[in-house]
Amino acid sequence: MLPKANRLRHWRDFQTIYQQGIRWRGDLLMLRAWRRTAADPVPTRFGISVSRKFSKHAVTRNRIKRQIRAALHHLLPDIVPGWDCIIVVKPTDQTCNYDRFLQELKQLLAKAEVLNGHSRGNVL
RNA sequence: GAAAGUAGGUGAUGGUGGUUGCGGGUUGAGUAUCUCAAUCUGAGGAAAGUCCGGGCACCCGAAAGACCAGACUUGCUGGGUAACGCCCAGUGCGAGCGAUCGUGAGGAUAGUGCCACAGAAACAUACCGCCAAUGAGUCAUCCGUCAACGGUCAUUUGUCAUUUGUGUUUGCAGAUGACAAGGGAUAAAAGACGAAGGACAAAUUUGGUAAGGGUGCAAAGGUGCGGUAAGAGCGCACCAGCAGCAUCGAGAGGUGCUGGCUCGGUAAACCCCGGUCGGGUGCAAGGUCGAAGGAACGACGGUUGGUCUUUUACCCGUUCCGCCAAGAGCGAACCGCAAGAGGCGUUUGGUAACAAGCGUCCCAGAUAGAUAACCGCCCUCCGGCUGCAUGGCAGUUCGGGGAACAGAACCCGGCUUACGACUACUUUCUCUA
RNA sequence: GCGGGCGUAGCCAAGUGGUUAAGGCAGUGGAUUGUGGUUCCACCAUUCGGGGGUUCGAAUCCCCUCGUUCGCC
């Protein structure tokens with residue numbers, strides 16, 4: 001689980017990100033990122049959205065969320081502060097493992113230049 | 001060994017260790033609406049579906065009682081429970097070879113409705129049929145009267161023949177026989193008439209039947225024997241149903257005897273009866289942060305689904321004192337919020353459900369919603385390979401996996417549904433000894 | 001959390017206890033035509049989402065369940 005400072009917690013934040021954020025698409029996930037205008041060193045916050053269409057069972061949805069959270073936690077030291085991100089899980093395949101999520105998250109966050117220490121060219 | 005059945009607990013994601021990390025409680029510290037450290041703790045038997053019953057909270061003014069409206073898949077009996085549509089024990093009925101299982105199990109004589117098609121008729125009738133009477137008519141029988149032809153019998157008359165007596169013969173008298181005629185009698189006599197009872201019987205009408213036919217899920221208790229004009233519980237035996245009595249049982253009911261002989265199904269159709277409940281909304285209840293009303297006096301009236309009764313409160317009017325710059329939104333910020341019809345152990349009572357006593361324990365509290373990720377060793381399963389030499393067992397620097405159903409959201413008690421592995425007992429069948 | 005509706009052929013659907021479950025579109029086959037379209041004819045539900053019950057009889061009534069959809073706070 002992420003620390004509380006790195007979590008998006010309110011419905012308003014989700015609305016603003018959905019309306020104003022930049023979209024990046026991957027195979028399994030979709031990223032919406034929005035850079036907050038104030039340049040204060042607030043840590044980057046993440047929200048995860050798994051639709052009921054993905055699976056009707058709460059168990060599978062929660063498992064996906066946990067694995068994404070674990071991957072994010074692994075990437076957390078390299079994240080640039082000052083962003084708000086939502087990770088939307090596409091309703092594709094329910095049998096996903098940790099490594100694929102980690103790889104996909106790395107690519108998406110690097111594209112959006114949220115990851116530190118990598119430019120776009122380095123990754124691609 | 002196979003196939004079934006019942007009961008029981010169980011399921012933290014195999015065990016253990018490490019690194020990174022999350023929610024909560026407590027304690028301590030600090031730069032104090034946050035952070036850090038230590039320590040403890042952190043999903044289920046169904047947390048699910050939301051099908052019932054409650055607790056709790058607020059609103060419709062409140063509380064109590066009676067009756068009514070109303071609601072209820074409430075509906076065998078007895079018990080358990082805070083309560084229940086739940087559980088336990090039993091009764092009846094049904095299913096199964098059996099162990100066992102299922103059971104919405106009041107009333108069809110309170111009333112209404114429905115029972116398609118078929119069938120005469122679907123709830124009180126009679127189509128075909130059977131029987132009795134009626135009966136055009138047919139048949140034979142018996143009785144009485146009459147009686148043709150023919151027969152028989154007796155008799156009368158005549159003729160002829162034979163014979164006897166008398167006698168010369170004829171003749172006369174008698175007997176016998178044959179033939180003819182007459183009337184008479186007779187009957188197993190054609191037939192006619194009359195009367196009687198009998199058999200058959202068309203049509204019609206009247207009555208008795210519900211055995212048989214056919215229809216259908218269902219047709220007036222079933223089967224058999226007797227009985228009857230034909231039939232029928234009309235009688236009898238057994239079975240089924242109803243009622244009464246006796247007896248056993250706390251009761252539902254069981255058993256036995258007797259009796260009259262009998263009443264279609266459907267209430268998961270309306271309904272009737274008994275029983276229970278008594279309004280609504282649901283923790284997004286509701287409260288705090290965060291606004292304010294209080295006191296005195298007063299006649300009539302009004303306020304709960306309806307009526308009535310009792311107590312009380314409020315509404316209303318007047319006076320006095322007091323509050324508010326404006327505004328009533330955002331926020332799961334805080335409380336509600338976790339010690340409970342609690343768990344575990346044990347004793348006693350009870351067939352059991354369960355209850356009581358004693359001891360002991362504190363056991364999740366999130367709110368975009370906490371249990372995860374990676375790694376080491378051990379155990380175990382599957383597959384591959386090797387060996388024994390063959391349904392298996394053993395080994396492995398091999399590969400893959402550690403299950404299924406499934407995630408607390410105010411809390412309990414049930415029900416239902418989904419699902420893994422296991423243990424014990426029981427039944428039936430087969431094989432071996 | 002509370003409450004309602006709907007599942008019938010590939011699609012839209014009628015049917016509210018009584019034969020063999022209307023109809024339209026689509027599809028298949030045939031006829032008409034030189035060919036195609038139009039038109040006409042025929043076929044197409046092993047039975048009404050699944051299971052159980054009541055009934056002589058169930059798509060229909062009752063119970064459980066699965067799916068789907070809507071509303072309120």
# chains A, B, ... in the order shown; residues from 1 in each chain; ligands from 1

call {"tool": "residues_around", "arguments": {"residues": "C130 in chain B", "least_positions_apart": "5", "cutoff": "10 Å", "atoms": "only C-alpha atoms (C1' of nucleotides)", "output": "JSON, numbers by chain"}}
result
{"B": [209, 211, 212, 230, 231]}

call {"tool": "interface_residues", "arguments": {"of": "chain A", "to": "chain B", "cutoff": "10 Å", "atoms": "only C-alpha atoms (C1' of nucleotides)", "output": "MDAnalysis selection string"}}
result
chainID A and resid 1:4 7:11 14 46:49 57:60 62:63 65:71 73:74 98

call {"tool": "closest_residue", "arguments": {"among": "B:A124, B:A285, B:G327, B:U351", "to": "C410 in chain B", "atoms": "only C-alpha atoms (C1' of nucleotides)"}}
result
B:A285

call {"tool": "residues_around", "arguments": {"residues": "range 12-20 of chain C", "least_positions_apart": "4", "cutoff": "12 Å", "atoms": "only C-alpha atoms (C1' of nucleotides)", "output": "mmCIF file with C-alpha atoms (C1' of nucleotides), in the first residue's frame"}}
result
data_model
loop_
_atom_site.group_PDB
_atom_site.id
_atom_site.type_symbol
_atom_site.label_atom_id
_atom_site.label_comp_id
_atom_site.auth_asym_id
_atom_site.auth_seq_id
_atom_site.Cartn_x
_atom_site.Cartn_y
_atom_site.Cartn_z
ATOM 1 C "C1'" C B 114 -63.351 -22.882 -12.570
ATOM 2 C "C1'" C B 115 -62.827 -28.119 -14.425
ATOM 3 C "C1'" A B 116 -60.563 -26.720 -21.975
ATOM 4 C "C1'" C B 117 -61.320 -30.927 -25.696
ATOM 5 C "C1'" A B 269 -58.633 -19.351 -7.476
ATOM 6 C "C1'" U C 8 -39.946 -16.268 -25.432
ATOM 7 C "C1'" G C 24 -42.706 -8.895 -38.381
ATOM 8 C "C1'" C C 25 -37.398 -8.454 -39.880
ATOM 9 C "C1'" A C 26 -33.332 -11.633 -41.009
ATOM 10 C "C1'" U C 47 -40.575 -25.819 -25.682
ATOM 11 C "C1'" C C 48 -40.353 -19.975 -23.269
ATOM 12 C "C1'" U C 54 -49.117 -26.833 -7.025
ATOM 13 C "C1'" U C 55 -52.507 -28.693 -10.856
ATOM 14 C "C1'" C C 56 -55.544 -33.595 -14.892
ATOM 15 C "C1'" G C 57 -52.675 -29.862 -17.495
ATOM 16 C "C1'" A C 58 -47.729 -24.370 -16.436
ATOM 17 C "C1'" A C 59 -44.418 -19.661 -21.003
ATOM 18 C "C1'" U C 60 -48.518 -18.210 -17.515
ATOM 19 C "C1'" C C 61 -49.490 -19.634 -10.436
#

call {"tool": "residues_around", "arguments": {"residues": "G49 in chain C", "least_positions_apart": "4", "cutoff": "12 Å", "atoms": "only C-alpha atoms (C1' of nucleotides)", "output": "ChimeraX atom specification"}}
result
/C:6-8,59,65-68

call {"tool": "write_last_selection", "arguments": {"atoms": "N, CA and C atoms (P, O5', C5', C4', C3', O3' and C1' of nucleotides)", "output": "mmCIF file, in the first residue's frame"}}
result
data_model
loop_
_atom_site.group_PDB
_atom_site.id
_atom_site.type_symbol
_atom_site.label_atom_id
_atom_site.label_comp_id
_atom_site.auth_asym_id
_atom_site.auth_seq_id
_atom_site.Cartn_x
_atom_site.Cartn_y
_atom_site.Cartn_z
ATOM 1 P P C C 6 -42.272 -7.220 -15.410
ATOM 2 O "O5'" C C 6 -41.107 -7.531 -16.436
ATOM 3 C "C5'" C C 6 -40.966 -6.755 -17.611
ATOM 4 C "C4'" C C 6 -39.656 -7.046 -18.298
ATOM 5 C "C3'" C C 6 -39.424 -8.503 -18.660
ATOM 6 O "O3'" C C 6 -40.095 -8.842 -19.853
ATOM 7 C "C1'" C C 6 -37.461 -7.600 -17.675
ATOM 8 P P G C 7 -40.280 -10.383 -20.246
ATOM 9 O "O5'" G C 7 -38.871 -10.629 -20.921
ATOM 10 C "C5'" G C 7 -38.407 -11.899 -21.100
ATOM 11 C "C4'" G C 7 -36.944 -11.965 -21.375
ATOM 12 C "C3'" G C 7 -36.457 -13.360 -21.703
ATOM 13 O "O3'" G C 7 -35.371 -13.316 -22.602
ATOM 14 C "C1'" G C 7 -35.460 -12.633 -19.680
ATOM 15 P P U C 8 -35.666 -13.370 -24.210
ATOM 16 O "O5'" U C 8 -36.859 -14.404 -24.316
ATOM 17 C "C5'" U C 8 -36.618 -15.788 -24.192
ATOM 18 C "C4'" U C 8 -37.689 -16.583 -24.896
ATOM 19 C "C3'" U C 8 -37.790 -16.373 -26.401
ATOM 20 O "O3'" U C 8 -36.831 -17.138 -27.097
ATOM 21 C "C1'" U C 8 -39.946 -16.268 -25.432
ATOM 22 P P A C 59 -45.481 -24.659 -20.258
ATOM 23 O "O5'" A C 59 -44.720 -23.311 -20.604
ATOM 24 C "C5'" A C 59 -43.547 -22.939 -19.901
ATOM 25 C "C4'" A C 59 -43.372 -21.443 -19.907
ATOM 26 C "C3'" A C 59 -44.211 -20.702 -18.875
ATOM 27 O "O3'" A C 59 -43.562 -20.622 -17.631
ATOM 28 C "C1'" A C 59 -44.418 -19.661 -21.003
ATOM 29 P P U C 65 -32.383 -17.316 -3.361
ATOM 30 O "O5'" U C 65 -31.733 -17.758 -4.743
ATOM 31 C "C5'" U C 65 -30.686 -18.713 -4.757
ATOM 32 C "C4'" U C 65 -30.373 -19.156 -6.169
ATOM 33 C "C3'" U C 65 -29.825 -18.079 -7.087
ATOM 34 O "O3'" U C 65 -28.442 -17.852 -6.901
ATOM 35 C "C1'" U C 65 -31.522 -19.280 -8.206
ATOM 36 P P C C 66 -27.821 -16.406 -7.230
ATOM 37 O "O5'" C C 66 -27.689 -16.414 -8.811
ATOM 38 C "C5'" C C 66 -26.845 -17.346 -9.446
ATOM 39 C "C4'" C C 66 -26.999 -17.280 -10.955
ATOM 40 C "C3'" C C 66 -26.830 -15.911 -11.574
ATOM 41 O "O3'" C C 66 -25.480 -15.536 -11.727
ATOM 42 C "C1'" C C 66 -28.739 -16.940 -12.489
ATOM 43 P P G C 67 -25.090 -13.977 -11.618
ATOM 44 O "O5'" G C 67 -25.733 -13.339 -12.926
ATOM 45 C "C5'" G C 67 -25.174 -13.640 -14.192
ATOM 46 C "C4'" G C 67 -26.091 -13.193 -15.309
ATOM 47 C "C3'" G C 67 -26.304 -11.700 -15.450
ATOM 48 O "O3'" G C 67 -25.222 -11.052 -16.083
ATOM 49 C "C1'" G C 67 -28.364 -12.828 -15.678
ATOM 50 P P U C 68 -24.860 -9.544 -15.654
ATOM 51 O "O5'" U C 68 -26.072 -8.717 -16.262
ATOM 52 C "C5'" U C 68 -26.262 -8.647 -17.673
ATOM 53 C "C4'" U C 68 -27.599 -8.027 -18.012
ATOM 54 C "C3'" U C 68 -27.824 -6.626 -17.496
ATOM 55 O "O3'" U C 68 -27.207 -5.638 -18.310
ATOM 56 C "C1'" U C 68 -29.733 -7.934 -17.047
#

call {"tool": "decode", "arguments": {"residues": "range 27-38 of chain B", "atoms": "all heavy atoms", "output": "CSV table (one decimal), in the first residue's frame"}}
result
chain,number,residue,atom,x,y,z
B,27,U,P,-2.2,5.3,26.0
B,27,U,OP1,-2.7,5.8,27.3
B,27,U,OP2,-2.5,6.2,24.8
B,27,U,O5',-0.6,5.2,26.1
B,27,U,C5',0.0,4.4,27.2
B,27,U,C4',1.5,4.2,26.9
B,27,U,O4',1.7,3.4,25.7
B,27,U,C3',2.3,5.4,26.7
B,27,U,O3',2.6,6.1,27.9
B,27,U,C2',3.5,4.8,26.0
B,27,U,O2',4.4,4.2,27.0
B,27,U,C1',2.9,3.8,25.1
B,27,U,N1,2.7,4.2,23.8
B,27,U,C2,3.7,4.3,22.9
B,27,U,O2,4.8,3.9,23.2
B,27,U,N3,3.4,4.7,21.6
B,27,U,C4,2.2,5.1,21.2
B,27,U,O4,2.0,5.5,20.0
B,27,U,C5,1.1,5.1,22.1
B,27,U,C6,1.4,4.6,23.4
B,28,G,P,2.7,7.7,27.8
B,28,G,OP1,2.8,8.2,29.2
B,28,G,OP2,1.6,8.3,27.0
B,28,G,O5',4.1,8.0,27.1
B,28,G,C5',5.3,7.5,27.7
B,28,G,C4',6.4,7.6,26.7
B,28,G,O4',6.2,6.7,25.6
B,28,G,C3',6.7,8.9,26.1
B,28,G,O3',7.4,9.8,26.9
B,28,G,C2',7.5,8.5,24.8
B,28,G,O2',8.9,8.2,25.2
B,28,G,C1',6.8,7.2,24.4
B,28,G,N9,5.8,7.5,23.4
B,28,G,C8,4.5,7.5,23.5
B,28,G,N7,3.9,7.8,22.4
B,28,G,C5,4.9,7.9,21.4
B,28,G,C6,4.9,8.1,20.1
B,28,G,O6,3.9,8.3,19.3
B,28,G,N1,6.1,8.2,19.5
B,28,G,C2,7.3,8.0,20.2
B,28,G,N2,8.4,8.1,19.5
B,28,G,N3,7.3,7.8,21.5
B,28,G,C4,6.1,7.7,22.1
B,29,A,P,7.2,11.4,26.8
B,29,A,OP1,7.9,12.1,27.9
B,29,A,OP2,5.8,11.7,26.5
B,29,A,O5',8.1,11.8,25.5
B,29,A,C5',9.5,11.6,25.5
B,29,A,C4',10.0,11.7,24.1
B,29,A,O4',9.4,10.8,23.2
B,29,A,C3',9.7,13.1,23.4
B,29,A,O3',10.6,14.1,23.8
B,29,A,C2',9.9,12.7,21.9
B,29,A,O2',11.3,12.6,21.6
B,29,A,C1',9.3,11.3,21.9
B,29,A,N9,7.9,11.3,21.4
B,29,A,C8,6.8,11.1,22.2
B,29,A,N7,5.7,11.2,21.6
B,29,A,C5,6.1,11.4,20.3
B,29,A,C6,5.4,11.5,19.1
B,29,A,N6,4.1,11.5,19.0
B,29,A,N1,6.1,11.7,17.9
B,29,A,C2,7.4,11.8,18.0
B,29,A,N3,8.2,11.7,19.1
B,29,A,C4,7.5,11.5,20.2
B,30,G,P,10.0,15.6,23.9
B,30,G,OP1,11.0,16.5,24.6
B,30,G,OP2,8.6,15.6,24.3
B,30,G,O5',10.1,16.1,22.4
B,30,G,C5',11.3,16.1,21.7
B,30,G,C4',11.1,16.2,20.2
B,30,G,O4',10.2,15.1,19.8
B,30,G,C3',10.3,17.4,19.7
B,30,G,O3',11.2,18.5,19.5
B,30,G,C2',9.8,17.0,18.3
B,30,G,O2',10.7,17.0,17.3
B,30,G,C1',9.4,15.5,18.6
B,30,G,N9,8.0,15.3,19.0
B,30,G,C8,7.4,15.0,20.2
B,30,G,N7,6.2,14.9,20.1
B,30,G,C5,5.9,15.0,18.8
B,30,G,C6,4.6,15.0,18.1
B,30,G,O6,3.5,14.8,18.6
B,30,G,N1,4.7,15.2,16.8
B,30,G,C2,5.9,15.5,16.1
B,30,G,N2,5.8,15.7,14.9
B,30,G,N3,7.1,15.5,16.8
B,30,G,C4,7.0,15.3,18.1
B,31,U,P,10.6,20.1,19.7
B,31,U,OP1,11.7,20.9,20.0
B,31,U,OP2,9.4,20.0,20.6
B,31,U,O5',10.1,20.4,18.2
B,31,U,C5',9.6,21.7,17.9
B,31,U,C4',9.2,21.8,16.5
B,31,U,O4',10.4,21.6,15.6
B,31,U,C3',8.1,20.9,16.0
B,31,U,O3',7.3,21.6,15.1
B,31,U,C2',8.9,19.8,15.3
B,31,U,O2',8.2,19.2,14.2
B,31,U,C1',10.0,20.6,14.7
B,31,U,N1,11.3,19.9,14.4
B,31,U,C2,11.6,19.6,13.0
B,31,U,O2,10.9,20.0,12.1
B,31,U,N3,12.7,18.9,12.8
B,31,U,C4,13.5,18.4,13.8
B,31,U,O4,14.5,17.7,13.5
B,31,U,C5,13.2,18.6,15.1
B,31,U,C6,12.0,19.4,15.4
B,32,A,P,5.9,22.1,15.6
B,32,A,OP1,5.2,22.8,14.5
B,32,A,OP2,6.1,22.7,16.9
B,32,A,O5',5.2,20.7,15.9
B,32,A,C5',4.6,19.9,14.8
B,32,A,C4',3.3,19.3,15.2
B,32,A,O4',3.5,18.4,16.4
B,32,A,C3',2.2,20.3,15.7
B,32,A,O3',1.0,19.8,15.2
B,32,A,C2',2.3,20.3,17.2
B,32,A,O2',1.1,20.6,17.8
B,32,A,C1',2.7,18.8,17.4
B,32,A,N9,3.4,18.6,18.7
B,32,A,C8,4.7,18.8,18.9
B,32,A,N7,5.1,18.5,20.1
B,32,A,C5,3.9,18.1,20.8
B,32,A,C6,3.6,17.7,22.1
B,32,A,N6,4.5,17.6,23.0
B,32,A,N1,2.4,17.4,22.3
B,32,A,C2,1.5,17.5,21.4
B,32,A,N3,1.6,17.8,20.1
B,32,A,C4,2.9,18.2,19.9
B,33,U,P,0.3,20.7,14.0
B,33,U,OP1,1.1,20.6,12.8
B,33,U,OP2,-0.1,22.0,14.6
B,33,U,O5',-1.1,19.9,13.8
B,33,U,C5',-1.2,18.5,14.2
B,33,U,C4',-2.6,18.0,13.8
B,33,U,O4',-3.6,18.8,14.4
B,33,U,C3',-2.8,18.1,12.3
B,33,U,O3',-3.6,16.9,11.9
B,33,U,C2',-3.6,19.3,12.1
B,33,U,O2',-4.4,19.4,11.0
B,33,U,C1',-4.5,19.4,13.4
B,33,U,N1,-4.8,20.7,13.8
B,33,U,C2,-6.1,21.1,13.6
B,33,U,O2,-7.0,20.4,13.1
B,33,U,N3,-6.4,22.4,14.0
B,33,U,C4,-5.5,23.3,14.6
B,33,U,O4,-5.9,24.4,14.9
B,33,U,C5,-4.2,22.8,14.7
B,33,U,C6,-3.9,21.6,14.4
B,34,C,P,-3.4,16.2,10.5
B,34,C,OP1,-2.7,17.2,9.6
B,34,C,OP2,-4.6,15.6,10.0
B,34,C,O5',-2.4,15.1,10.8
B,34,C,C5',-1.6,14.5,9.8
B,34,C,C4',-0.2,15.1,9.9
B,34,C,O4',-0.1,16.0,11.0
B,34,C,C3',0.9,14.1,10.1
B,34,C,O3',1.3,13.4,8.9
B,34,C,C2',2.0,14.9,10.7
B,34,C,O2',2.7,15.6,9.6
B,34,C,C1',1.3,15.9,11.6
B,34,C,N1,1.2,15.5,13.0
B,34,C,C2,2.3,15.6,13.8
B,34,C,O2,3.4,16.0,13.3
B,34,C,N3,2.2,15.2,15.1
B,34,C,C4,1.1,14.8,15.6
B,34,C,N4,1.0,14.4,16.9
B,34,C,C5,-0.1,14.7,14.8
B,34,C,C6,0.0,15.1,13.5
B,35,U,P,1.6,11.9,9.0
B,35,U,OP1,1.7,11.4,7.6
B,35,U,OP2,0.7,11.2,9.9
B,35,U,O5',3.1,11.9,9.6
B,35,U,C5',4.1,12.5,8.9
B,35,U,C4',5.4,12.6,9.7
B,35,U,O4',5.1,13.4,10.9
B,35,U,C3',5.9,11.2,10.3
B,35,U,O3',6.6,10.5,9.3
B,35,U,C2',6.7,11.7,11.5
B,35,U,O2',8.0,12.1,11.0
B,35,U,C1',6.0,12.9,12.0
B,35,U,N1,5.1,12.5,13.1
B,35,U,C2,5.7,12.4,14.4
B,35,U,O2,6.9,12.5,14.6
B,35,U,N3,4.8,12.1,15.4
B,35,U,C4,3.5,11.9,15.3
B,35,U,O4,2.8,11.7,16.3
B,35,U,C5,2.9,12.1,14.0
B,35,U,C6,3.7,12.4,13.0
B,36,C,P,6.5,8.9,9.5
B,36,C,OP1,7.2,8.3,8.2
B,36,C,OP2,5.2,8.4,9.8
B,36,C,O5',7.5,8.6,10.7
B,36,C,C5',8.9,8.9,10.6
B,36,C,C4',9.6,8.8,11.9
B,36,C,O4',8.9,9.7,12.9
B,36,C,C3',9.5,7.4,12.6
B,36,C,O3',10.4,6.5,12.0
B,36,C,C2',9.8,7.8,14.1
B,36,C,O2',11.2,8.0,14.3
B,36,C,C1',9.1,9.1,14.2
B,36,C,N1,7.7,8.9,14.8
B,36,C,C2,7.6,8.8,16.2
B,36,C,O2,8.6,8.7,16.9
B,36,C,N3,6.4,8.6,16.7
B,36,C,C4,5.3,8.7,15.9
B,36,C,N4,4.1,8.6,16.5
B,36,C,C5,5.4,8.9,14.5
B,36,C,C6,6.6,9.0,14.0
B,37,A,P,10.0,4.9,12.0
B,37,A,OP1,11.1,4.2,11.2
B,37,A,OP2,8.6,4.8,11.7
B,37,A,O5',10.3,4.5,13.6
B,37,A,C5',11.6,4.6,14.1
B,37,A,C4',11.5,4.3,15.6
B,37,A,O4',10.7,5.3,16.3
B,37,A,C3',10.8,3.0,16.1
B,37,A,O3',11.7,1.9,15.9
B,37,A,C2',10.5,3.3,17.5
B,37,A,O2',11.6,3.2,18.4
B,37,A,C1',10.1,4.8,17.4
B,37,A,N9,8.6,5.0,17.3
B,37,A,C8,7.9,5.3,16.2
B,37,A,N7,6.6,5.5,16.3
B,37,A,C5,6.5,5.2,17.7
B,37,A,C6,5.3,5.1,18.5
B,37,A,N6,4.1,5.4,18.1
B,37,A,N1,5.5,4.8,19.8
B,37,A,C2,6.7,4.5,20.2
B,37,A,N3,7.9,4.5,19.6
B,37,A,C4,7.7,4.9,18.3
B,38,A,P,11.1,0.4,15.6
B,38,A,OP1,12.2,-0.5,15.2
B,38,A,OP2,10.0,0.6,14.6
B,38,A,O5',10.5,0.0,17.0
B,38,A,C5',11.4,-0.2,18.1
B,38,A,C4',10.6,-0.4,19.4
B,38,A,O4',9.8,0.8,19.6
B,38,A,C3',9.6,-1.5,19.3
B,38,A,O3',10.1,-2.8,19.5
B,38,A,C2',8.6,-1.1,20.4
B,38,A,O2',9.1,-1.4,21.7
B,38,A,C1',8.6,0.4,20.3
B,38,A,N9,7.5,0.9,19.5
B,38,A,C8,7.5,1.3,18.2
B,38,A,N7,6.4,1.7,17.7
B,38,A,C5,5.5,1.6,18.8
B,38,A,C6,4.1,1.9,18.9
B,38,A,N6,3.4,2.3,17.9
B,38,A,N1,3.6,1.6,20.1
B,38,A,C2,4.3,1.1,21.1
B,38,A,N3,5.6,0.8,21.1
B,38,A,C4,6.2,1.1,19.9
